[in-house]
file coords.pdb (PDB, C-alpha atoms and all ligand atoms)
ATOM      1  CA  MET A 403       8.359   4.987  -6.264  1.00  0.00           C
ATOM      2  CA  SER A 404       6.921   2.108  -8.183  1.00  0.00           C
ATOM      3  CA  LEU A 405       4.984  -0.876  -6.975  1.00  0.00           C
ATOM      4  CA  SER A 406       3.480  -3.639  -8.996  1.00  0.00           C
ATOM      5  CA  ALA A 407       1.161  -6.515  -8.367  1.00  0.00           C
ATOM      6  CA  GLN A 408       1.010  -9.733 -10.296  1.00  0.00           C
ATOM      7  CA  TYR A 409      -0.179 -13.251  -9.495  1.00  0.00           C
ATOM      8  CA  PHE A 410      -1.802 -11.884  -6.324  1.00  0.00           C
ATOM      9  CA  ALA A 411       1.491 -10.590  -4.908  1.00  0.00           C
ATOM     10  CA  PHE A 412       3.210  -7.234  -4.575  1.00  0.00           C
ATOM     11  CA  ASP A 413       6.731  -7.055  -5.937  1.00  0.00           C
ATOM     12  CA  ARG A 414       8.004  -5.353  -2.783  1.00  0.00           C
ATOM     13  CA  SER A 415       7.553  -6.474   0.812  1.00  0.00           C
ATOM     14  CA  THR A 416       8.819  -3.245   2.386  1.00  0.00           C
ATOM     15  CA  LEU A 417       8.470   0.402   1.421  1.00  0.00           C
ATOM     16  CA  THR A 418      10.376   3.103   3.283  1.00  0.00           C
ATOM     17  CA  VAL A 419       9.352   6.764   3.350  1.00  0.00           C
ATOM     18  CA  PRO A 420      10.285   9.780   5.479  1.00  0.00           C
ATOM     19  CA  ALA A 421       7.744  11.017   8.034  1.00  0.00           C
ATOM     20  CA  GLY A 422       5.416  13.631   6.611  1.00  0.00           C
ATOM     21  CA  ALA A 423       6.670  13.163   3.073  1.00  0.00           C
ATOM     22  CA  SER A 424       4.517  13.482  -0.006  1.00  0.00           C
ATOM     23  CA  VAL A 425       4.520   9.985  -1.437  1.00  0.00           C
ATOM     24  CA  THR A 426       3.652   9.035  -4.991  1.00  0.00           C
ATOM     25  CA  ILE A 427       3.217   5.383  -5.854  1.00  0.00           C
ATOM     26  CA  ASN A 428       3.161   4.399  -9.503  1.00  0.00           C
ATOM     27  CA  PHE A 429       1.143   1.246  -9.218  1.00  0.00           C
ATOM     28  CA  SER A 430       0.779  -1.262 -11.989  1.00  0.00           C
ATOM     29  CA  GLN A 431      -1.076  -4.482 -11.759  1.00  0.00           C
ATOM     30  CA  GLY A 432      -1.021  -7.238 -14.276  1.00  0.00           C
ATOM     31  CA  ASP A 433      -3.674  -9.667 -13.138  1.00  0.00           C
ATOM     32  CA  ASP A 434      -6.152  -9.843 -15.959  1.00  0.00           C
ATOM     33  CA  GLY A 435      -9.740  -9.504 -14.788  1.00  0.00           C
ATOM     34  CA  VAL A 436      -8.740  -9.125 -11.116  1.00  0.00           C
ATOM     35  CA  TYR A 437      -9.192  -6.141  -8.802  1.00  0.00           C
ATOM     36  CA  HIS A 438      -6.320  -4.876  -6.651  1.00  0.00           C
ATOM     37  CA  ASN A 439      -5.517  -1.706  -4.748  1.00  0.00           C
ATOM     38  CA  PHE A 440      -2.904  -0.296  -2.393  1.00  0.00           C
ATOM     39  CA  ALA A 441      -3.826   0.872   1.078  1.00  0.00           C
ATOM     40  CA  VAL A 442      -1.815   1.840   4.165  1.00  0.00           C
ATOM     41  CA  TYR A 443      -2.892   1.230   7.743  1.00  0.00           C
ATOM     42  CA  GLU A 444      -1.708   1.941  11.231  1.00  0.00           C
ATOM     43  CA  THR A 445      -2.052  -0.781  13.841  1.00  0.00           C
ATOM     44  CA  LEU A 446      -3.360   0.659  17.079  1.00  0.00           C
ATOM     45  CA  PRO A 447      -2.790  -0.701  20.569  1.00  0.00           C
ATOM     46  CA  GLY A 448      -5.226  -3.574  20.958  1.00  0.00           C
ATOM     47  CA  GLY A 449      -4.862  -4.621  17.355  1.00  0.00           C
ATOM     48  CA  GLN A 450      -7.410  -2.406  15.666  1.00  0.00           C
ATOM     49  CA  THR A 451      -6.325  -0.729  12.478  1.00  0.00           C
ATOM     50  CA  ARG A 452      -6.770   2.799  11.222  1.00  0.00           C
ATOM     51  CA  PRO A 453      -6.482   3.734   7.566  1.00  0.00           C
ATOM     52  CA  VAL A 454      -3.732   6.120   6.563  1.00  0.00           C
ATOM     53  CA  PHE A 455      -4.479   5.958   2.852  1.00  0.00           C
ATOM     54  CA  VAL A 456      -6.827   3.825   0.786  1.00  0.00           C
ATOM     55  CA  GLY A 457      -6.172   3.830  -2.937  1.00  0.00           C
ATOM     56  CA  ALA A 458      -8.836   3.217  -5.523  1.00  0.00           C
ATOM     57  CA  THR A 459      -9.326  -0.392  -6.559  1.00  0.00           C
ATOM     58  CA  ILE A 460      -8.460  -1.011 -10.192  1.00  0.00           C
ATOM     59  CA  LEU A 461      -9.228  -3.836 -12.582  1.00  0.00           C
ATOM     60  CA  GLY A 462      -6.173  -5.361 -14.199  1.00  0.00           C
ATOM     61  CA  PRO A 463      -4.269  -5.173 -16.304  1.00  0.00           C
ATOM     62  CA  SER A 464      -3.966  -1.453 -15.632  1.00  0.00           C
ATOM     63  CA  SER A 465      -2.136   1.126 -13.583  1.00  0.00           C
ATOM     64  CA  ALA A 466      -2.809   4.003 -11.225  1.00  0.00           C
ATOM     65  CA  VAL A 467      -0.914   6.795  -9.526  1.00  0.00           C
ATOM     66  CA  TYR A 468      -1.547   7.012  -5.800  1.00  0.00           C
ATOM     67  CA  SER A 469      -0.518  10.056  -3.784  1.00  0.00           C
ATOM     68  CA  PHE A 470      -0.674  10.451  -0.023  1.00  0.00           C
ATOM     69  CA  THR A 471       1.107  12.128   2.833  1.00  0.00           C
ATOM     70  CA  ALA A 472       3.201   9.828   4.997  1.00  0.00           C
ATOM     71  CA  PRO A 473       2.292   9.731   8.689  1.00  0.00           C
ATOM     72  CA  ALA A 474       3.945  12.396  10.809  1.00  0.00           C
ATOM     73  CA  ALA A 475       5.026   9.807  13.348  1.00  0.00           C
ATOM     74  CA  GLY A 476       7.856   7.448  12.485  1.00  0.00           C
ATOM     75  CA  GLY A 477       7.401   3.740  12.934  1.00  0.00           C
ATOM     76  CA  ASP A 478       6.108   0.637  11.260  1.00  0.00           C
ATOM     77  CA  TYR A 479       2.843   0.666   9.358  1.00  0.00           C
ATOM     78  CA  PHE A 480       1.553  -1.865   6.889  1.00  0.00           C
ATOM     79  CA  PHE A 481       0.138  -1.865   3.418  1.00  0.00           C
ATOM     80  CA  GLU A 482      -2.138  -4.315   1.717  1.00  0.00           C
ATOM     81  CA  CYS A 483      -4.503  -4.920  -1.117  1.00  0.00           C
ATOM     82  CA  ASP A 484      -7.915  -4.577   0.488  1.00  0.00           C
ATOM     83  CA  VAL A 485      -9.348  -7.180  -1.868  1.00  0.00           C
ATOM     84  CA  HIS A 486      -6.720  -9.777  -0.908  1.00  0.00           C
ATOM     85  CA  PRO A 487      -5.429  -8.698   2.507  1.00  0.00           C
ATOM     86  CA  LEU A 488      -4.167 -12.131   3.507  1.00  0.00           C
ATOM     87  CA  GLN A 489      -2.126 -12.712   0.361  1.00  0.00           C
ATOM     88  CA  MET A 490      -1.032  -9.195  -0.471  1.00  0.00           C
ATOM     89  CA  THR A 491       0.538  -7.310   2.404  1.00  0.00           C
ATOM     90  CA  GLY A 492       3.776  -5.597   3.310  1.00  0.00           C
ATOM     91  CA  LYS A 493       5.469  -3.238   5.702  1.00  0.00           C
ATOM     92  CA  LEU A 494       5.650   0.520   5.363  1.00  0.00           C
ATOM     93  CA  VAL A 495       8.551   1.906   7.360  1.00  0.00           C
ATOM     94  CA  VAL A 496       8.246   5.600   8.194  1.00  0.00           C
ATOM     95  CA  THR A 497      11.558   7.096   9.193  1.00  0.00           C
ATOM     96  CA  PRO A 498      11.492  10.022  11.645  1.00  0.00           C
TER      97      PRO A 498
HETATM   98 CU    CU B   1      -5.592  -7.741  -4.633  1.00  0.00          CU
END
call {"tool": "encode", "arguments": {"input": "coords.pdb", "output": "structure tokens", "more": "lines below"}}
Ligand SMILES: [Cu+2]
result
Amino acid sequence: MSLSAQYFAFDRSTLTVPAGASVTINFSQGDDGVYHNFAVYETLPGGQTRPVFVGATILGPSSAVYSFTAPAAGGDYFFECDVHPLQMTGKLVVTP
């Protein structure tokens, strides 16, 4: 699937993948001179987070291909840009 970032925002707020699937994200980011990445986290009871996948940070404008294995457990996870986690975040839905 494809995902892009521009003006400090992702173009998709929700991504949906099957549990355990091999996921490839074709990521492009168009913010000149700005670093972005794509990372997926699980929220644990108590509010702590655990990384599922942390993609390399890239300087825009550029693109990257990120590959990871979706969590085995269905449910709601979240993704973000680790450089701008307050502005750039979304939901990753893992279907059982
Ligand atoms: Cu960013």
call {"tool": "residues_around", "arguments": {"input": "coords.pdb", "residues": "Thr459 (chain A)", "least_positions_apart": "2", "cutoff": "12 Å", "atoms": "only C-alpha atoms", "output": "PyMOL selection string"}}
result
chain A and resi 429-431+436-441+456-457+461-468+482-486
call {"tool": "closest_residue", "arguments": {"input": "coords.pdb", "among": "A:Pro453, A:Pro447, A:Gly477, A:Gly435", "to": "Thr497 (chain A)", "atoms": "all atoms listed in the file"}}
result
A:Gly477
call {"tool": "residues_around", "arguments": {"input": "coords.pdb", "residues": "Leu405 (chain A)", "least_positions_apart": "3", "cutoff": "8 Å", "atoms": "all atoms listed in the file", "output": "ChimeraX atom specification"}}
result
/A:412-414,427-430
call {"tool": "resolve_selection", "arguments": {"input": "coords.pdb", "expression": "the PyMOL selection byres (((chain A and resi 445) around 12) and not hetatm)", "output": "list in words"}}
result
Val442, Tyr443, Glu444, Leu446, Pro447, Gly448, Gly449, Gln450, Thr451, Arg452, Pro453, Val454, Gly477, Asp478, Tyr479, Phe480, Phe481, Lys493 and Leu494 of chain A
call {"tool": "atom_distance", "arguments": {"input": "coords.pdb", "atom1": "atom CU of ligand CU 1 (chain B)", "atom2": "CA of Ser469 (chain A)"}}
result
18.5 Å
call {"tool": "closest_residue", "arguments": {"input": "coords.pdb", "among": "A:Ala472, A:Leu417, A:Met490, A:Val496", "to": "ligand CU 1 (chain B)", "atoms": "only C-alpha atoms and all ligand atoms"}}
result
A:Met490
call {"tool": "closest_residue", "arguments": {"input": "coords.pdb", "among": "A:Pro487, A:Gly492, A:Pro420, A:Pro498", "to": "ligand CU 1 (chain B)", "atoms": "all atoms listed in the file"}}
result
A:Pro487
call {"tool": "atom_distance", "arguments": {"input": "coords.pdb", "atom1": "CA of Thr426 (chain A)", "atom2": "CA of Leu488 (chain A)"}}
result
24.1 Å
call {"tool": "atom_distance", "arguments": {"input": "coords.pdb", "atom1": "CA of Ala411 (chain A)", "atom2": "CA of Ala423 (chain A)"}}
result
25.6 Å
call {"tool": "closest_residue", "arguments": {"input": "coords.pdb", "among": "A:Asp434, A:Thr416, A:Phe455, A:Ser404", "to": "ligand CU 1 (chain B)", "atoms": "only C-alpha atoms and all ligand atoms"}}
result
A:Asp434
call {"tool": "closest_residue", "arguments": {"input": "coords.pdb", "among": "A:Gly432, A:Phe470, A:Met403, A:Ser415", "to": "Gln489 (chain A)", "atoms": "only C-alpha atoms"}}
result
A:Ser415
call {"tool": "closest_residue", "arguments": {"input": "coords.pdb", "among": "A:Ala421, A:Ala407, A:Ala458, A:Ala475", "to": "ligand CU 1 (chain B)", "atoms": "all atoms listed in the file"}}
result
A:Ala407
call {"tool": "build_atoms", "arguments": {"input": "coords.pdb", "residues": "region 406-432 of chain A", "atoms": "N, CA and C atoms", "output": "PDB file, in the frame of the given file"}}
result
ATOM      1  N   SER A 406       4.334  -2.899  -8.088  1.00  0.00           N
ATOM      2  CA  SER A 406       3.480  -3.639  -8.996  1.00  0.00           C
ATOM      3  C   SER A 406       2.899  -4.863  -8.303  1.00  0.00           C
ATOM      4  N   ALA A 407       1.831  -5.324  -8.871  1.00  0.00           N
ATOM      5  CA  ALA A 407       1.161  -6.515  -8.367  1.00  0.00           C
ATOM      6  C   ALA A 407       0.935  -7.462  -9.528  1.00  0.00           C
ATOM      7  N   GLN A 408       1.280  -8.705  -9.302  1.00  0.00           N
ATOM      8  CA  GLN A 408       1.010  -9.733 -10.296  1.00  0.00           C
ATOM      9  C   GLN A 408       0.928 -11.073  -9.588  1.00  0.00           C
ATOM     10  N   TYR A 409       0.043 -11.935 -10.109  1.00  0.00           N
ATOM     11  CA  TYR A 409      -0.179 -13.251  -9.495  1.00  0.00           C
ATOM     12  C   TYR A 409      -0.505 -13.111  -8.010  1.00  0.00           C
ATOM     13  N   PHE A 410      -1.326 -12.092  -7.692  1.00  0.00           N
ATOM     14  CA  PHE A 410      -1.802 -11.884  -6.324  1.00  0.00           C
ATOM     15  C   PHE A 410      -0.658 -11.645  -5.340  1.00  0.00           C
ATOM     16  N   ALA A 411       0.380 -10.933  -5.795  1.00  0.00           N
ATOM     17  CA  ALA A 411       1.491 -10.590  -4.908  1.00  0.00           C
ATOM     18  C   ALA A 411       2.043  -9.228  -5.296  1.00  0.00           C
ATOM     19  N   PHE A 412       2.464  -8.455  -4.297  1.00  0.00           N
ATOM     20  CA  PHE A 412       3.210  -7.234  -4.575  1.00  0.00           C
ATOM     21  C   PHE A 412       4.664  -7.602  -4.869  1.00  0.00           C
ATOM     22  N   ASP A 413       5.330  -6.765  -5.625  1.00  0.00           N
ATOM     23  CA  ASP A 413       6.731  -7.055  -5.937  1.00  0.00           C
ATOM     24  C   ASP A 413       7.686  -6.543  -4.862  1.00  0.00           C
ATOM     25  N   ARG A 414       7.148  -5.840  -3.870  1.00  0.00           N
ATOM     26  CA  ARG A 414       8.004  -5.353  -2.783  1.00  0.00           C
ATOM     27  C   ARG A 414       7.328  -5.682  -1.454  1.00  0.00           C
ATOM     28  N   SER A 415       8.110  -6.134  -0.500  1.00  0.00           N
ATOM     29  CA  SER A 415       7.553  -6.474   0.812  1.00  0.00           C
ATOM     30  C   SER A 415       7.702  -5.324   1.798  1.00  0.00           C
ATOM     31  N   THR A 416       8.602  -4.385   1.497  1.00  0.00           N
ATOM     32  CA  THR A 416       8.819  -3.245   2.386  1.00  0.00           C
ATOM     33  C   THR A 416       8.960  -1.975   1.555  1.00  0.00           C
ATOM     34  N   LEU A 417       8.294  -0.929   1.997  1.00  0.00           N
ATOM     35  CA  LEU A 417       8.470   0.402   1.421  1.00  0.00           C
ATOM     36  C   LEU A 417       8.925   1.313   2.554  1.00  0.00           C
ATOM     37  N   THR A 418       9.860   2.203   2.262  1.00  0.00           N
ATOM     38  CA  THR A 418      10.376   3.103   3.283  1.00  0.00           C
ATOM     39  C   THR A 418      10.201   4.543   2.822  1.00  0.00           C
ATOM     40  N   VAL A 419       9.594   5.358   3.685  1.00  0.00           N
ATOM     41  CA  VAL A 419       9.352   6.764   3.350  1.00  0.00           C
ATOM     42  C   VAL A 419       9.668   7.624   4.571  1.00  0.00           C
ATOM     43  N   PRO A 420      10.052   8.878   4.356  1.00  0.00           N
ATOM     44  CA  PRO A 420      10.285   9.780   5.479  1.00  0.00           C
ATOM     45  C   PRO A 420       8.954  10.272   6.068  1.00  0.00           C
ATOM     46  N   ALA A 421       8.942  10.504   7.370  1.00  0.00           N
ATOM     47  CA  ALA A 421       7.744  11.017   8.034  1.00  0.00           C
ATOM     48  C   ALA A 421       7.281  12.315   7.381  1.00  0.00           C
ATOM     49  N   GLY A 422       6.002  12.409   7.136  1.00  0.00           N
ATOM     50  CA  GLY A 422       5.416  13.631   6.611  1.00  0.00           C
ATOM     51  C   GLY A 422       5.657  13.883   5.138  1.00  0.00           C
ATOM     52  N   ALA A 423       6.322  12.952   4.483  1.00  0.00           N
ATOM     53  CA  ALA A 423       6.670  13.163   3.073  1.00  0.00           C
ATOM     54  C   ALA A 423       5.447  13.024   2.168  1.00  0.00           C
ATOM     55  N   SER A 424       5.493  13.707   1.049  1.00  0.00           N
ATOM     56  CA  SER A 424       4.517  13.482  -0.006  1.00  0.00           C
ATOM     57  C   SER A 424       4.971  12.271  -0.807  1.00  0.00           C
ATOM     58  N   VAL A 425       4.145  11.255  -0.820  1.00  0.00           N
ATOM     59  CA  VAL A 425       4.520   9.985  -1.437  1.00  0.00           C
ATOM     60  C   VAL A 425       3.679   9.760  -2.687  1.00  0.00           C
ATOM     61  N   THR A 426       4.348   9.409  -3.761  1.00  0.00           N
ATOM     62  CA  THR A 426       3.652   9.035  -4.991  1.00  0.00           C
ATOM     63  C   THR A 426       4.023   7.600  -5.331  1.00  0.00           C
ATOM     64  N   ILE A 427       3.020   6.790  -5.502  1.00  0.00           N
ATOM     65  CA  ILE A 427       3.217   5.383  -5.854  1.00  0.00           C
ATOM     66  C   ILE A 427       2.697   5.169  -7.273  1.00  0.00           C
ATOM     67  N   ASN A 428       3.580   4.789  -8.154  1.00  0.00           N
ATOM     68  CA  ASN A 428       3.161   4.399  -9.503  1.00  0.00           C
ATOM     69  C   ASN A 428       2.873   2.909  -9.464  1.00  0.00           C
ATOM     70  N   PHE A 429       1.588   2.617  -9.444  1.00  0.00           N
ATOM     71  CA  PHE A 429       1.143   1.246  -9.218  1.00  0.00           C
ATOM     72  C   PHE A 429       0.695   0.615 -10.528  1.00  0.00           C
ATOM     73  N   SER A 430       1.251  -0.530 -10.816  1.00  0.00           N
ATOM     74  CA  SER A 430       0.779  -1.262 -11.989  1.00  0.00           C
ATOM     75  C   SER A 430       0.384  -2.662 -11.537  1.00  0.00           C
ATOM     76  N   GLN A 431      -0.652  -3.138 -12.142  1.00  0.00           N
ATOM     77  CA  GLN A 431      -1.076  -4.482 -11.759  1.00  0.00           C
ATOM     78  C   GLN A 431      -1.452  -5.264 -13.002  1.00  0.00           C
ATOM     79  N   GLY A 432      -0.952  -6.465 -13.038  1.00  0.00           N
ATOM     80  CA  GLY A 432      -1.021  -7.238 -14.276  1.00  0.00           C
ATOM     81  C   GLY A 432      -1.940  -8.432 -14.246  1.00  0.00           C
TER      82      GLY A 432
END
